[in-house]
>>> print(open('model26.pdb').read())   # PDB, C-alpha atoms
ATOM      1  CA  VAL A   3     -16.513 -78.487  67.826
ATOM      2  CA  GLY A   4     -12.806 -79.187  68.079
ATOM      3  CA  VAL A   5      -9.804 -77.168  67.074
ATOM      4  CA  ARG A   6     -10.260 -75.462  63.695
ATOM      5  CA  TYR A   7      -8.041 -77.599  61.532
ATOM      6  CA  PHE A   8     -10.237 -78.478  58.596
ATOM      7  CA  GLU A   9     -10.003 -76.558  55.365
ATOM      8  CA  ARG A  10     -12.361 -76.781  52.412
ATOM      9  CA  ASP A  11     -11.017 -80.193  51.406
ATOM     10  CA  LYS A  12     -11.470 -81.453  55.007
ATOM     11  CA  ALA A  13      -7.764 -82.191  55.309
ATOM     12  CA  MET A  14      -5.953 -81.246  58.494
ATOM     13  CA  THR A  15      -3.843 -78.146  57.963
ATOM     14  CA  LYS A  16      -0.101 -78.661  58.248
ATOM     15  CA  HIS A  17       0.372 -76.460  61.293
ATOM     16  CA  CYS A  18      -2.414 -78.206  63.203
ATOM     17  CA  LYS A  19      -0.970 -81.609  62.348
ATOM     18  CA  VAL A  20       2.480 -80.503  63.556
ATOM     19  CA  TYR A  21       0.968 -79.304  66.862
ATOM     20  CA  MET A  22      -1.263 -82.318  67.428
ATOM     21  CA  ASP A  23       1.486 -84.795  66.564
ATOM     22  CA  TYR A  24       3.974 -83.076  68.890
ATOM     23  CA  PHE A  25       1.599 -83.232  71.873
ATOM     24  CA  ASN A  26       0.135 -86.608  70.800
ATOM     25  CA  TYR A  27      -3.441 -85.288  70.530
ATOM     26  CA  GLY A  28      -6.160 -87.110  68.609
ATOM     27  CA  GLU A  29      -8.889 -85.392  66.609
ATOM     28  CA  GLN A  30     -11.477 -85.843  69.383
ATOM     29  CA  ASP A  31      -9.205 -84.955  72.327
ATOM     30  CA  PHE A  32      -9.762 -81.952  74.559
ATOM     31  CA  ILE A  33      -6.991 -79.491  73.709
ATOM     32  CA  PRO A  34      -6.554 -76.823  76.381
ATOM     33  CA  CYS A  35      -5.753 -73.206  75.667
ATOM     34  CA  GLU A  36      -2.113 -72.808  76.666
ATOM     35  CA  VAL A  37      -2.871 -69.384  78.140
ATOM     36  CA  CYS A  38      -5.974 -69.932  80.291
ATOM     37  CA  GLY A  39      -6.830 -73.663  80.152
ATOM     38  CA  ALA A  40     -10.227 -73.251  78.433
ATOM     39  CA  LYS A  41     -11.017 -75.340  75.358
ATOM     40  CA  ALA A  42      -8.708 -74.296  72.509
ATOM     41  CA  LEU A  43     -10.429 -73.456  69.249
ATOM     42  CA  ASP A  44      -7.383 -72.523  67.193
ATOM     43  CA  ILE A  45      -3.743 -73.420  66.710
ATOM     44  CA  HIS A  46      -2.230 -69.962  66.364
ATOM     45  CA  HIS A  47       1.003 -68.969  64.610
ATOM     46  CA  ILE A  48       2.788 -66.778  67.154
ATOM     47  CA  THR A  49       4.891 -64.862  64.605
ATOM     48  CA  GLY A  50       2.588 -65.139  61.636
ATOM     49  CA  ARG A  51       1.978 -67.826  59.096
ATOM     50  CA  GLY A  52       4.748 -69.543  57.258
ATOM     51  CA  LYS A  53       6.711 -71.111  60.098
ATOM     52  CA  ASP A  54       4.892 -74.348  60.868
ATOM     53  CA  ASN A  55       7.316 -75.562  63.536
ATOM     54  CA  ILE A  56       6.230 -76.345  67.078
ATOM     55  CA  ASP A  57       8.105 -73.350  68.500
ATOM     56  CA  ASN A  58       5.787 -71.012  66.563
ATOM     57  CA  LEU A  59       2.461 -72.742  67.313
ATOM     58  CA  ILE A  60       0.240 -72.274  70.359
ATOM     59  CA  ALA A  61      -3.251 -73.603  71.141
ATOM     60  CA  VAL A  62      -5.615 -70.797  72.158
ATOM     61  CA  CYS A  63      -9.278 -70.291  72.970
ATOM     62  CA  ARG A  64     -11.310 -67.622  71.198
ATOM     63  CA  LYS A  65     -10.804 -64.994  73.933
ATOM     64  CA  CYS A  66      -7.026 -65.489  74.059
ATOM     65  CA  LEU A  67      -6.835 -65.428  70.257
ATOM     66  CA  ARG A  68      -8.660 -62.095  70.301
ATOM     67  CA  ALA A  69      -6.222 -60.854  72.964
ATOM     68  CA  ALA A  70      -3.281 -61.949  70.802
ATOM     69  CA  HIS A  71      -4.716 -59.824  67.996
ATOM     70  CA  GLY A  72      -5.257 -56.824  70.302
ATOM     71  CA  LEU A  73      -9.051 -57.108  70.367
ATOM     72  CA  GLU A  74      -9.435 -57.549  74.154
ATOM     73  CA  LYS A  75      -8.610 -55.239  77.057
ATOM     74  CA  THR A  76      -5.622 -57.429  77.910
ATOM     75  CA  PHE A  77      -3.169 -57.680  75.007
ATOM     76  CA  LEU A  78      -1.096 -60.855  74.654
ATOM     77  CA  SER A  79       2.141 -59.852  72.939
ATOM     78  CA  LYS A  80       4.234 -62.280  70.914
ATOM     79  CA  ASP A  81       6.848 -62.270  73.693
ATOM     80  CA  VAL A  82       4.227 -63.261  76.264
ATOM     81  CA  LEU A  83       2.844 -66.009  73.991
ATOM     82  CA  PHE A  84       6.377 -67.361  73.386
ATOM     83  CA  ALA A  85       7.090 -67.412  77.130
ATOM     84  CA  ILE A  86       3.845 -69.257  77.912
ATOM     85  CA  HIS A  87       4.392 -71.720  75.059
ATOM     86  CA  ARG A  88       8.027 -72.460  76.020
ATOM     87  CA  ASN A  89       6.815 -73.497  79.489
ATOM     88  CA  ASN A  90       4.492 -76.043  77.849
ATOM     89  CA  LEU A  91       7.069 -77.647  75.571
TER      90      LEU A  91
END
>>> encode(input="model26.pdb", output="structure tokens")
Amino acid sequence: VGVRYFERDKAMTKHCKVYMDYFNYGEQDFIPCEVCGAKALDIHHITGRGKDNIDNLIAVCRKCLRAAHGLEKTFLSKDVLFAIHRNNL
């Protein structure tokens, strides 16, 4: 299973397309979590939905997504996610 970018109509969501186009990823490519390097399962909006530009999008695995939402022992704040993402741009 690749990055979650299919909606009900099976079309790639805009934010996933922006991310994949920027990094030149194909639908079947391995996309690493920008935080830990594991397989990314989501393209996450760092500051919430609505801003679909590359500066606000980060690929994350399930564990790091949970940490970004405060559901793990280690919390990944927006500032930390921005800093990690800026190093990957």
>>> atom_distance(input="model26.pdb", atom1="atom CA of Cys38 of chain A", atom2="atom CA of Lys65 of chain A")
9.4 Å
>>> resolve_selection(input="model26.pdb", expression="the PyMOL selection byres ((chain A and resi 70) around 12)", output="PyMOL selection string")
chain A and resi 37+44+46-50+60-69+71-84
>>> atom_distance(input="model26.pdb", atom1="atom CA of Arg88 of chain A", atom2="atom CA of Gln30 of chain A")
24.6 Å
>>> residues_near_point(input="model26.pdb", point="(4.4, -81.2, 71.4)", cutoff="12 Å", atoms="only C-alpha atoms", output="CSV table (one decimal) with C-alpha atoms, in the frame of the given file")
chain,number,residue,atom,x,y,z
A,17,HIS,CA,0.4,-76.5,61.3
A,18,CYS,CA,-2.4,-78.2,63.2
A,19,LYS,CA,-1.0,-81.6,62.3
A,20,VAL,CA,2.5,-80.5,63.6
A,21,TYR,CA,1.0,-79.3,66.9
A,22,MET,CA,-1.3,-82.3,67.4
A,23,ASP,CA,1.5,-84.8,66.6
A,24,TYR,CA,4.0,-83.1,68.9
A,25,PHE,CA,1.6,-83.2,71.9
A,26,ASN,CA,0.1,-86.6,70.8
A,27,TYR,CA,-3.4,-85.3,70.5
A,33,ILE,CA,-7.0,-79.5,73.7
A,36,GLU,CA,-2.1,-72.8,76.7
A,55,ASN,CA,7.3,-75.6,63.5
A,56,ILE,CA,6.2,-76.3,67.1
A,57,ASP,CA,8.1,-73.4,68.5
A,58,ASN,CA,5.8,-71.0,66.6
A,59,LEU,CA,2.5,-72.7,67.3
A,60,ILE,CA,0.2,-72.3,70.4
A,61,ALA,CA,-3.3,-73.6,71.1
A,87,HIS,CA,4.4,-71.7,75.1
A,88,ARG,CA,8.0,-72.5,76.0
A,89,ASN,CA,6.8,-73.5,79.5
A,90,ASN,CA,4.5,-76.0,77.8
A,91,LEU,CA,7.1,-77.6,75.6
